[in-house]
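**Q** Here you go, work30.txt (compact mmCIF, C-alpha atoms):
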# COMPACT_ATOMS: atom_id res chain seq x y z
CA MET W 1 29.28 15.26 -18.99
CA GLY W 2 28.22 13.39 -15.92
CA LYS W 3 26.72 9.97 -16.20
CA ILE W 4 23.71 8.98 -14.20
CA LYS W 5 23.77 5.69 -12.36
CA GLY W 6 20.86 4.13 -10.59
CA ALA W 7 20.07 1.23 -8.34
CA VAL W 8 16.88 -0.52 -7.35
CA VAL W 9 16.07 -2.19 -4.05
CA VAL W 10 13.16 -4.60 -4.08
CA ASN W 11 11.30 -5.45 -0.91
CA THR W 12 11.38 -9.14 -1.67
CA GLU W 13 8.75 -10.11 0.88
CA ARG W 14 6.22 -7.63 -0.57
CA CYS W 15 6.95 -8.51 -4.20
CA LYS W 16 4.42 -10.75 -5.92
CA GLY W 17 6.39 -11.33 -9.11
CA CYS W 18 3.83 -9.72 -11.43
CA GLU W 19 6.62 -8.71 -13.88
CA LEU W 20 5.18 -5.24 -14.51
CA CYS W 21 8.45 -3.61 -13.43
CA ILE W 22 10.38 -5.82 -15.84
CA VAL W 23 8.17 -4.70 -18.73
CA ALA W 24 8.31 -1.05 -17.63
CA CYS W 25 12.12 -0.87 -17.36
CA PRO W 26 13.54 0.90 -20.44
CA SER W 27 17.06 -0.40 -19.77
CA LYS W 28 16.11 -4.05 -19.21
CA VAL W 29 17.67 -4.10 -15.75
CA LEU W 30 15.19 -6.21 -13.86
CA ALA W 31 14.37 -9.92 -14.01
CA LEU W 32 12.56 -12.43 -11.87
CA SER W 33 14.72 -14.35 -9.43
CA LYS W 34 14.78 -18.12 -9.38
CA GLN W 35 14.44 -17.93 -5.61
CA VAL W 36 11.04 -17.48 -4.01
CA ASN W 37 9.90 -15.45 -1.00
CA ALA W 38 7.88 -16.70 1.98
CA LYS W 39 4.68 -16.58 -0.05
CA GLY W 40 6.20 -18.59 -2.91
CA TYR W 41 6.48 -15.75 -5.40
CA ASN W 42 9.56 -15.31 -7.58
CA PHE W 43 10.60 -11.77 -6.80
CA ALA W 44 12.18 -9.13 -9.03
CA TYR W 45 15.88 -8.35 -8.76
CA MET W 46 18.54 -6.36 -10.62
CA ALA W 47 19.90 -8.78 -13.20
CA ASN W 48 21.81 -6.12 -15.14
CA GLU W 49 23.00 -3.65 -12.51
CA ASP W 50 25.19 -1.54 -14.77
CA ALA W 51 22.32 -0.55 -17.09
CA CYS W 52 20.16 1.12 -14.41
CA VAL W 53 19.74 4.88 -14.81
CA GLY W 54 17.43 5.38 -11.84
CA CYS W 55 14.45 6.53 -13.93
CA SER W 56 11.95 5.12 -11.38
CA ALA W 57 9.63 3.68 -14.07
CA CYS W 58 9.65 0.34 -12.24
CA GLY W 59 8.70 2.03 -8.99
CA TYR W 60 5.81 3.95 -10.55
CA VAL W 61 4.15 0.88 -12.05
CA CYS W 62 4.75 -1.46 -9.09
CA PRO W 63 1.31 -2.31 -7.65
CA ASP W 64 2.74 -3.41 -4.33
CA ALA W 65 5.03 -0.44 -3.73
CA CYS W 66 7.98 -2.72 -3.11
CA ILE W 67 10.57 -0.85 -5.18
CA SER W 68 12.89 1.89 -3.92
CA VAL W 69 15.01 3.68 -6.48
CA TYR W 70 18.36 5.38 -5.86
CA LYS W 71 20.10 7.67 -8.30
CA VAL W 72 23.49 9.32 -8.34
CA LYS W 73 25.44 11.48 -10.80
CA VAL W 74 28.88 10.10 -11.61
CA GLU W 75 31.41 12.71 -12.76
CA MET G 1 30.90 2.96 -8.47
CA THR G 2 29.15 -0.17 -7.27
CA THR G 3 25.49 -0.63 -6.57
CA LYS G 4 26.28 -0.63 -2.87
CA ASP G 5 27.70 2.91 -3.13
CA ILE G 6 24.55 4.13 -4.88
CA ILE G 7 22.16 2.71 -2.29
CA LYS G 8 22.42 5.48 0.30
CA PRO G 9 19.59 7.51 1.85
CA GLU G 10 20.77 10.75 0.20
CA ASN G 11 20.44 9.17 -3.26
CA LEU G 12 16.89 7.94 -2.74
CA VAL G 13 14.56 9.18 -5.49
CA TYR G 14 11.53 6.95 -5.18
CA THR G 15 10.15 4.75 -2.42
CA LYS G 16 6.91 3.63 -0.83
CA SER G 17 4.91 6.44 0.75
CA ARG G 18 4.74 6.28 4.54
CA ILE G 19 0.93 6.62 4.31
CA LEU G 20 0.81 3.20 2.66
CA ASN G 21 1.53 0.93 5.62
CA ASP G 22 3.50 -2.31 5.68
CA THR G 23 0.51 -4.67 5.58
CA PRO G 24 0.91 -6.83 2.47
CA MET G 25 -1.93 -6.10 0.06
CA HIS G 26 -4.31 -8.96 -0.66
CA TYR G 27 -4.67 -8.03 -4.33
CA CYS G 28 -3.63 -10.46 -7.06
CA PRO G 29 -0.14 -9.89 -8.51
CA GLY G 30 -0.23 -7.01 -10.99
CA CYS G 31 -3.61 -5.62 -9.88
CA SER G 32 -4.21 -1.94 -10.68
CA HIS G 33 -5.76 -1.40 -7.24
CA GLY G 34 -2.29 -1.46 -5.70
CA VAL G 35 -1.07 1.32 -7.98
CA VAL G 36 -4.09 3.52 -7.26
CA HIS G 37 -3.75 2.95 -3.48
CA LYS G 38 -0.13 3.99 -3.81
CA LEU G 39 -1.07 7.15 -5.72
CA ILE G 40 -3.65 8.14 -3.10
CA ALA G 41 -1.03 7.61 -0.39
CA GLU G 42 1.48 9.75 -2.29
CA VAL G 43 -1.02 12.55 -2.86
CA VAL G 44 -2.07 12.56 0.80
CA GLU G 45 1.57 12.64 1.88
CA GLU G 46 2.48 15.43 -0.55
CA MET G 47 -0.51 17.56 0.45
CA ASP G 48 0.21 16.80 4.12
CA ILE G 49 -3.45 16.04 4.87
CA GLN G 50 -3.16 12.70 6.65
CA GLU G 51 -5.18 14.02 9.60
CA ASP G 52 -7.83 15.64 7.40
CA VAL G 53 -8.68 12.98 4.87
CA ILE G 54 -11.51 10.47 5.20
CA GLY G 55 -11.91 7.68 2.69
CA VAL G 56 -15.01 5.63 2.05
CA ALA G 57 -14.25 2.04 1.09
CA PRO G 58 -16.56 0.14 -1.24
CA VAL G 59 -17.67 -3.45 -1.45
CA GLY G 60 -15.47 -5.23 -3.93
CA CYS G 61 -11.80 -6.07 -4.03
CA ALA G 62 -10.94 -2.72 -2.42
CA VAL G 63 -13.11 -3.48 0.62
CA PHE G 64 -9.96 -3.76 2.75
CA ALA G 65 -8.48 -0.46 1.54
CA TYR G 66 -8.55 0.75 5.16
CA ASN G 67 -5.98 -1.91 6.05
CA TYR G 68 -3.41 -0.39 3.75
CA LEU G 69 -3.96 3.35 3.80
CA ASP G 70 -2.98 4.96 7.06
CA PHE G 71 -5.79 7.48 7.60
CA ASP G 72 -9.46 7.48 8.59
CA PHE G 73 -11.76 5.24 6.66
CA GLN G 74 -15.43 4.35 6.66
CA GLU G 75 -16.81 1.21 5.08
CA ALA G 76 -20.05 1.64 3.14
CA ALA G 77 -22.71 -0.84 2.11
CA HIS G 78 -22.48 -2.01 -1.48
CA GLY G 79 -22.79 0.99 -3.82
CA ARG G 80 -23.62 3.45 -1.04
CA ALA G 81 -20.20 5.07 -0.75
CA PRO G 82 -21.23 8.43 -2.31
CA ALA G 83 -24.19 8.64 0.10
CA VAL G 84 -21.95 7.91 3.09
CA ALA G 85 -19.36 10.38 1.80
CA THR G 86 -22.10 13.01 1.42
CA GLY G 87 -22.98 12.63 5.10
CA ILE G 88 -19.37 12.82 6.23
CA LYS G 89 -18.59 15.85 4.08
CA ARG G 90 -21.70 17.74 5.18
CA LEU G 91 -20.96 17.14 8.86
CA MET G 92 -17.25 17.88 8.51
CA PRO G 93 -16.90 20.27 5.57
CA GLU G 94 -13.26 21.00 6.37
CA LYS G 95 -12.23 17.38 5.70
CA TYR G 96 -11.14 15.90 2.39
CA VAL G 97 -13.63 13.12 1.69
CA PHE G 98 -13.24 10.63 -1.11
CA THR G 99 -14.86 7.39 -2.17
CA TYR G 100 -13.01 4.54 -3.79
CA GLN G 101 -15.29 2.36 -5.88
CA GLY G 102 -15.15 -0.32 -8.50
CA ASP G 103 -17.42 -0.59 -11.51
CA GLY G 104 -19.74 -3.14 -9.93
CA ASP G 105 -20.13 -0.88 -6.92
CA LEU G 106 -20.39 2.49 -8.66
CA ALA G 107 -22.02 1.63 -11.98
CA ALA G 108 -24.35 -1.22 -10.99
CA ILE G 109 -25.82 -1.26 -7.49
CA GLY G 110 -24.66 2.27 -6.68
CA THR G 111 -25.82 4.02 -9.87
CA ALA G 112 -28.51 6.01 -8.09
CA GLU G 113 -26.24 7.14 -5.26
CA THR G 114 -23.49 8.08 -7.69
CA ILE G 115 -25.70 10.07 -10.03
CA HIS G 116 -27.51 11.87 -7.22
CA ALA G 117 -24.35 12.72 -5.29
CA CYS G 118 -22.87 14.16 -8.50
CA ASN G 119 -26.11 15.94 -9.33
CA ARG G 120 -26.18 17.59 -5.90
CA GLY G 121 -22.60 18.64 -6.50
CA GLU G 122 -21.29 17.22 -3.24
CA ASN G 123 -17.74 18.37 -2.63
CA ILE G 124 -16.27 14.92 -2.61
CA VAL G 125 -13.85 13.03 -4.81
CA ILE G 126 -15.04 9.83 -6.44
CA ILE G 127 -12.27 7.49 -7.54
CA PHE G 128 -13.77 4.95 -9.89
CA ILE G 129 -11.83 1.82 -10.82
CA ASN G 130 -13.23 0.53 -14.10
CA ASN G 131 -11.99 -2.92 -15.09
CA GLY G 132 -15.14 -4.14 -16.80
CA ILE G 133 -15.67 -7.11 -14.53
CA TYR G 134 -16.73 -8.12 -11.01
CA GLY G 135 -13.30 -9.09 -9.73
CA MET G 136 -13.89 -10.16 -6.14
CA THR G 137 -16.86 -12.44 -6.72
CA GLY G 138 -15.23 -14.43 -9.50
CA GLY G 139 -15.26 -12.45 -12.73
CA GLN G 140 -18.94 -12.01 -13.53
CA MET G 141 -20.25 -9.55 -16.11
CA ALA G 142 -20.42 -5.94 -14.94
CA PRO G 143 -22.36 -3.05 -16.54
CA THR G 144 -19.07 -1.82 -17.98
CA THR G 145 -18.12 -5.17 -19.56
CA LEU G 146 -17.29 -4.59 -23.22
CA GLU G 147 -19.34 -5.99 -26.06
CA GLY G 148 -18.03 -9.46 -26.90
CA MET G 149 -15.91 -9.66 -23.73
CA LYS G 150 -16.00 -13.08 -22.05
CA THR G 151 -16.77 -13.32 -18.35
CA ALA G 152 -17.98 -16.08 -16.02
CA THR G 153 -21.63 -15.15 -16.63
CA CYS G 154 -21.31 -14.45 -20.35
CA PRO G 155 -18.86 -17.18 -21.43
CA TYR G 156 -19.56 -16.64 -25.13
CA GLY G 157 -18.96 -12.90 -24.88
CA ARG G 158 -21.33 -10.08 -23.95
CA ASP G 159 -24.25 -10.12 -26.36
CA THR G 160 -25.94 -6.73 -26.47
CA ALA G 161 -29.25 -8.33 -27.55
CA ILE G 162 -29.42 -10.18 -24.22
CA ASN G 163 -27.12 -8.26 -21.88
CA GLY G 164 -27.49 -4.69 -23.09
CA TYR G 165 -24.70 -2.27 -23.89
CA PRO G 166 -21.61 -1.31 -21.87
CA LEU G 167 -22.51 1.52 -19.49
CA ASN G 168 -20.20 4.49 -19.86
CA ILE G 169 -21.24 6.10 -16.59
CA THR G 170 -18.49 8.71 -16.54
CA ASP G 171 -19.85 10.19 -19.77
CA LEU G 172 -23.25 10.43 -18.09
CA LEU G 173 -21.76 12.23 -15.09
CA VAL G 174 -20.15 14.84 -17.35
CA LYS G 175 -23.60 16.13 -18.29
CA LEU G 176 -24.64 16.78 -14.70
CA GLU G 177 -24.42 20.36 -13.43
CA GLY G 178 -22.97 19.26 -10.10
CA THR G 179 -19.75 17.77 -11.40
CA ARG G 180 -16.76 20.03 -11.64
CA TYR G 181 -13.91 17.83 -12.73
CA VAL G 182 -14.44 14.57 -14.61
CA THR G 183 -11.47 12.73 -16.00
CA ARG G 184 -10.55 9.28 -17.23
CA GLN G 185 -7.04 8.00 -16.59
CA SER G 186 -5.17 4.72 -16.53
CA VAL G 187 -2.17 3.28 -14.71
CA HIS G 188 -0.63 0.91 -17.23
CA ASN G 189 2.77 2.60 -17.67
CA SER G 190 4.89 5.12 -15.81
CA ALA G 191 3.66 8.12 -17.84
CA SER G 192 0.01 7.26 -17.25
CA VAL G 193 0.68 6.67 -13.54
CA ARG G 194 2.08 10.21 -13.27
CA LYS G 195 -0.96 11.65 -15.05
CA ALA G 196 -3.34 9.69 -12.87
CA LYS G 197 -1.56 11.00 -9.79
CA ASN G 198 -1.94 14.59 -10.98
CA ALA G 199 -5.64 13.95 -11.59
CA ILE G 200 -6.14 12.57 -8.08
CA ARG G 201 -4.28 15.53 -6.60
CA LYS G 202 -6.42 17.95 -8.58
CA GLY G 203 -9.55 16.19 -7.34
CA PHE G 204 -8.48 16.56 -3.71
CA GLU G 205 -7.60 20.22 -4.23
CA ASN G 206 -10.99 20.84 -5.88
CA SER G 207 -12.88 19.34 -2.97
CA LYS G 208 -11.42 22.03 -0.70
CA GLU G 209 -12.84 24.81 -2.87
CA GLY G 210 -16.41 23.55 -2.71
CA LYS G 211 -17.34 23.90 -6.34
CA GLY G 212 -18.69 20.44 -7.06
CA THR G 213 -17.88 16.79 -7.38
CA SER G 214 -14.65 15.49 -8.87
CA VAL G 215 -14.87 12.12 -10.60
CA ILE G 216 -11.67 10.31 -11.50
CA GLU G 217 -12.19 7.16 -13.49
CA ILE G 218 -9.17 4.87 -13.70
CA VAL G 219 -9.45 2.36 -16.52
CA SER G 220 -7.85 -0.68 -14.94
CA THR G 221 -7.04 -4.31 -15.47
CA CYS G 222 -8.26 -7.39 -13.65
CA ASN G 223 -5.73 -9.90 -14.86
CA SER G 224 -7.09 -12.85 -12.87
CA GLY G 225 -10.67 -12.08 -13.94
CA TRP G 226 -9.61 -11.56 -17.53
CA LYS G 227 -7.46 -14.74 -17.35
CA MET G 228 -4.29 -13.07 -18.63
CA THR G 229 -0.88 -12.18 -17.26
CA PRO G 230 -0.55 -8.63 -15.88
CA ASP G 231 1.42 -7.55 -18.95
CA GLN G 232 -1.02 -9.17 -21.40
CA SER G 233 -3.96 -7.57 -19.65
CA ASN G 234 -2.33 -4.13 -19.89
CA LYS G 235 -1.93 -4.64 -23.63
CA TRP G 236 -5.49 -5.97 -23.92
CA MET G 237 -6.71 -2.90 -22.05
CA VAL G 238 -4.92 -0.53 -24.42
CA GLU G 239 -6.36 -2.33 -27.46
CA ASN G 240 -9.89 -2.96 -26.27
CA MET G 241 -10.79 -0.82 -23.26
CA PHE G 242 -9.35 2.48 -24.50
CA PRO G 243 -11.52 2.70 -27.66
CA ALA G 244 -14.62 2.27 -25.49
CA TYR G 245 -13.34 4.37 -22.58
CA PRO G 246 -11.01 7.00 -24.10
CA ILE G 247 -8.43 8.51 -21.76
CA GLY G 248 -8.43 12.23 -20.99
CA ASP G 249 -10.18 15.06 -19.19
CA LEU G 250 -13.90 15.10 -19.95
CA LYS G 251 -14.82 18.16 -17.91
CA ASP G 252 -12.76 20.70 -16.03
CA ILE G 253 -14.32 23.94 -14.85
Please, can you express the file's structure as structure tokens?
**A**
Amino acid sequence: MGKIKGAVVVNTERCKGCELCIVACPSKVLALSKQVNAKGYNFAYMANEDACVGCSACGYVCPDACISVYKVKVE
Amino acid sequence: MTTKDIIKPENLVYTKSRILNDTPMHYCPGCSHGVVHKLIAEVVEEMDIQEDVIGVAPVGCAVFAYNYLDFDFQEAAHGRAPAVATGIKRLMPEKYVFTYQGDGDLAAIGTAETIHACNRGENIVIIFINNGIYGMTGGQMAPTTLEGMKTATCPYGRDTAINGYPLNITDLLVKLEGTRYVTRQSVHNSASVRKAKNAIRKGFENSKEGKGTSVIEIVSTCNSGWKMTPDQSNKWMVENMFPAYPIGDLKDI
């Protein structure tokens, strides 16, 4: 059976670090970065890349539409 | 397979709608307004009606909605969005006209306009963001503020003996003959976001058929007004707002 792998790209300049994506993620992939963007917000990033299944839950709940989700089936 | 191999255009499953432009939104981090703007943009893109949709922006936090959504917009005086939308829809019946209003705008100063537009059965969509507080002006009590809820103007909690009872305006609108579709949704998790999107899409489709007003209430959070983190305010909303404003379709004919 194929395994599904996902990846998330965060638009770091748009991100306001509200943490809603981190709460929404069922696989606990995302975390807030220690770095800050130009506005001084800690932005979200993929802390646990291997766990992502590309379910898009983070993208749906993101109020600033800064998350793009990619998904691929690995044979 | 590394993350780099996955991030390719052919594997893209979710991204920002092109209707939502690149202007950074002025909303506080975690504000529900951003999610609802995004849903409207997605619905407009999916229905391919960018040229045919006209929004009416309210007074409130969403006053700058026209900066973010890439289609025609009209700004209305405080509470008057349904009246302005009525005019636009009657002059241009082929357009999709919607208003985007908060609870201070729709349920306080704009109560008359809202009720009469719905009673006339104008073929518009009313998107009503209910967070129980006046967000933009600094968190004052709104008509929809829950009993016992603390705001800047009722710091000891809303006392119904002095301040009256929370106004459930959507339930009032259900009883009017002119409304066709009345629903209450939320955007606190991915499942509810999908449902809210379907409701908005249904509202836009209804307005084409000319059978009455569609009212979509979105029970939302105002984490800075409520003085909580975005996650805490979502949980607070589920515990406290949902019993007073239950989620679901109230009318669908």
**Q** At what distance in Å, to one decimal, does CA of Lys38 (chain G) lie from CA of Lys211 (chain G)?
**A**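 Spanning CA of Lys211 (chain G) to CA of Lys38 (chain G) is a straight-line distance of 26.4 Å.
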**Q** Can you list, as number ranges by chain, every protein, DNA or RNA residue that comes within 12 Å of Met228 (chain G) when you count only C-alpha atoms, leaving out same-chain residues fewer than 3 positions away?
**A** W: 18; G: 28-31, 221-225, 231-237
**Q** Could you write out the selected residues, including C-alpha atoms, as a PDB file, keeping the file's coordinate frame?
**A**
ATOM      1  CA  CYS W  18       3.830  -9.720 -11.430  1.00  0.00           C
TER       2      CYS W  18
ATOM      3  CA  CYS G  28      -3.630 -10.460  -7.060  1.00  0.00           C
ATOM      4  CA  PRO G  29      -0.140  -9.890  -8.510  1.00  0.00           C
ATOM      5  CA  GLY G  30      -0.230  -7.010 -10.990  1.00  0.00           C
ATOM      6  CA  CYS G  31      -3.610  -5.620  -9.880  1.00  0.00           C
ATOM      7  CA  THR G 221      -7.040  -4.310 -15.470  1.00  0.00           C
ATOM      8  CA  CYS G 222      -8.260  -7.390 -13.650  1.00  0.00           C
ATOM      9  CA  ASN G 223      -5.730  -9.900 -14.860  1.00  0.00           C
ATOM     10  CA  SER G 224      -7.090 -12.850 -12.870  1.00  0.00           C
ATOM     11  CA  GLY G 225     -10.670 -12.080 -13.940  1.00  0.00           C
ATOM     12  CA  ASP G 231       1.420  -7.550 -18.950  1.00  0.00           C
ATOM     13  CA  GLN G 232      -1.020  -9.170 -21.400  1.00  0.00           C
ATOM     14  CA  SER G 233      -3.960  -7.570 -19.650  1.00  0.00           C
ATOM     15  CA  ASN G 234      -2.330  -4.130 -19.890  1.00  0.00           C
ATOM     16  CA  LYS G 235      -1.930  -4.640 -23.630  1.00  0.00           C
ATOM     17  CA  TRP G 236      -5.490  -5.970 -23.920  1.00  0.00           C
ATOM     18  CA  MET G 237      -6.710  -2.900 -22.050  1.00  0.00           C
TER      19      MET G 237
END
**Q** Counting only C-alpha atoms, which residues of chain G come no farther than 8 Å from chain W, as a PDB file with C-alpha atoms, keeping the file's coordinate frame?
**A**
ATOM      1  CA  THR G   3      25.490  -0.630  -6.570  1.00  0.00           C
ATOM      2  CA  ILE G   6      24.550   4.130  -4.880  1.00  0.00           C
ATOM      3  CA  ILE G   7      22.160   2.710  -2.290  1.00  0.00           C
ATOM      4  CA  LYS G   8      22.420   5.480   0.300  1.00  0.00           C
ATOM      5  CA  ASN G  11      20.440   9.170  -3.260  1.00  0.00           C
ATOM      6  CA  LEU G  12      16.890   7.940  -2.740  1.00  0.00           C
ATOM      7  CA  VAL G  13      14.560   9.180  -5.490  1.00  0.00           C
ATOM      8  CA  TYR G  14      11.530   6.950  -5.180  1.00  0.00           C
ATOM      9  CA  THR G  15      10.150   4.750  -2.420  1.00  0.00           C
ATOM     10  CA  LYS G  16       6.910   3.630  -0.830  1.00  0.00           C
ATOM     11  CA  PRO G  24       0.910  -6.830   2.470  1.00  0.00           C
ATOM     12  CA  MET G  25      -1.930  -6.100   0.060  1.00  0.00           C
ATOM     13  CA  PRO G  29      -0.140  -9.890  -8.510  1.00  0.00           C
ATOM     14  CA  GLY G  30      -0.230  -7.010 -10.990  1.00  0.00           C
ATOM     15  CA  CYS G  31      -3.610  -5.620  -9.880  1.00  0.00           C
ATOM     16  CA  SER G  32      -4.210  -1.940 -10.680  1.00  0.00           C
ATOM     17  CA  HIS G  33      -5.760  -1.400  -7.240  1.00  0.00           C
ATOM     18  CA  GLY G  34      -2.290  -1.460  -5.700  1.00  0.00           C
ATOM     19  CA  VAL G  35      -1.070   1.320  -7.980  1.00  0.00           C
ATOM     20  CA  VAL G  36      -4.090   3.520  -7.260  1.00  0.00           C
ATOM     21  CA  LYS G  38      -0.130   3.990  -3.810  1.00  0.00           C
ATOM     22  CA  VAL G 187      -2.170   3.280 -14.710  1.00  0.00           C
ATOM     23  CA  HIS G 188      -0.630   0.910 -17.230  1.00  0.00           C
ATOM     24  CA  ASN G 189       2.770   2.600 -17.670  1.00  0.00           C
ATOM     25  CA  SER G 190       4.890   5.120 -15.810  1.00  0.00           C
ATOM     26  CA  VAL G 193       0.680   6.670 -13.540  1.00  0.00           C
ATOM     27  CA  ARG G 194       2.080  10.210 -13.270  1.00  0.00           C
ATOM     28  CA  THR G 229      -0.880 -12.180 -17.260  1.00  0.00           C
ATOM     29  CA  PRO G 230      -0.550  -8.630 -15.880  1.00  0.00           C
ATOM     30  CA  ASP G 231       1.420  -7.550 -18.950  1.00  0.00           C
TER      31      ASP G 231
END
**Q** Calculate how many Å separate CA of His116 (chain G) from CA of His78 (chain G), rounding to one decimal.
**A**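 About the pair CA of His116 (chain G) and CA of His78 (chain G): they are 15.8 Å apart.
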**Q** Give the centre and edge lengths of an axis-aligned box, in Å to one decimal, that holds all listed atoms of region 19-38 of chain W with 4 Å on each side, as lines of an AutoDock Vina configuration file.
**A**
center_x = 11.4
center_y = -8.6
center_z = -9.2
size_x = 20.5
size_y = 27.0
size_z = 30.4
**Q** For Glu147 (chain G), find every residue with an atom within 8 Å (counting all atoms listed in the file), except residues of its own chain fewer than 2 positions away, and show them as a ChimeraX atom specification.
**A** /G:145,149,157-160,165-166
**Q** So how far away is CA of Thr153 (chain G) from CA of Asp105 (chain G), in Å?
**A**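 So the two atoms, CA of Asp105 (chain G) and CA of Thr153 (chain G), lie 17.3 Å apart.
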**Q** In terms of the shortest atom-to-atom distance over all atoms listed in the file, which of W:Val53, W:Asn48, W:Glu75, W:Lys3 is closest to Leu30 (chain W)?
**A**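 Residue with the minimum atom-to-atom distance to Leu30 (chain W): W:Asn48.
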**Q** Could you name the residues that touch Thr183 (chain G) at 8 Å or less, counting only C-alpha atoms, but leaving out those on the same chain fewer than 3 positions away, as a PDB file with C-alpha atoms, keeping the file's coordinate frame?
**A**
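Now in part21.pdb:
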ATOM      1  CA  ALA G 199      -5.640  13.950 -11.590  1.00  0.00           C
ATOM      2  CA  VAL G 215     -14.870  12.120 -10.600  1.00  0.00           C
ATOM      3  CA  ILE G 216     -11.670  10.310 -11.500  1.00  0.00           C
ATOM      4  CA  GLU G 217     -12.190   7.160 -13.490  1.00  0.00           C
ATOM      5  CA  ILE G 247      -8.430   8.510 -21.760  1.00  0.00           C
ATOM      6  CA  GLY G 248      -8.430  12.230 -20.990  1.00  0.00           C
ATOM      7  CA  ASP G 249     -10.180  15.060 -19.190  1.00  0.00           C
ATOM      8  CA  LEU G 250     -13.900  15.100 -19.950  1.00  0.00           C
ATOM      9  CA  LYS G 251     -14.820  18.160 -17.910  1.00  0.00           C
TER      10      LYS G 251
END
**Q** Check the smallest atom-to-atom distance from each of G:Leu167, G:Met136, G:Ala85, G:Ala108 to Ile124 (chain G) using only C-alpha atoms, then report the winner.
**A**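 Checking each of G:Leu167, G:Met136, G:Ala85, G:Ala108 against Ile124 (chain G), counting only C-alpha atoms, the winner is G:Ala85.
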**Q** From the set G:Val219, G:Cys61, G:Ile19, G:Val56, which residue has the shortest atom-to-atom contact distance to Gly138 (chain G), counting only C-alpha atoms?
**A**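 Between G:Val219, G:Cys61, G:Ile19, G:Val56, the residue approaching Gly138 (chain G) most closely is G:Cys61.
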**Q** Could you check the closest approach to Arg120 (chain G) for each of G:Arg80, G:Leu173, G:Pro155, G:Ala142 and tell me which residue wins, using only C-alpha atoms?
**A** G:Leu173
**Q** Considering all atoms listed in the file, state which residue in the set G:Ala62, G:Phe242, G:Tyr181, G:Lys150 is at the smallest distance from Phe204 (chain G).
**A** G:Tyr181
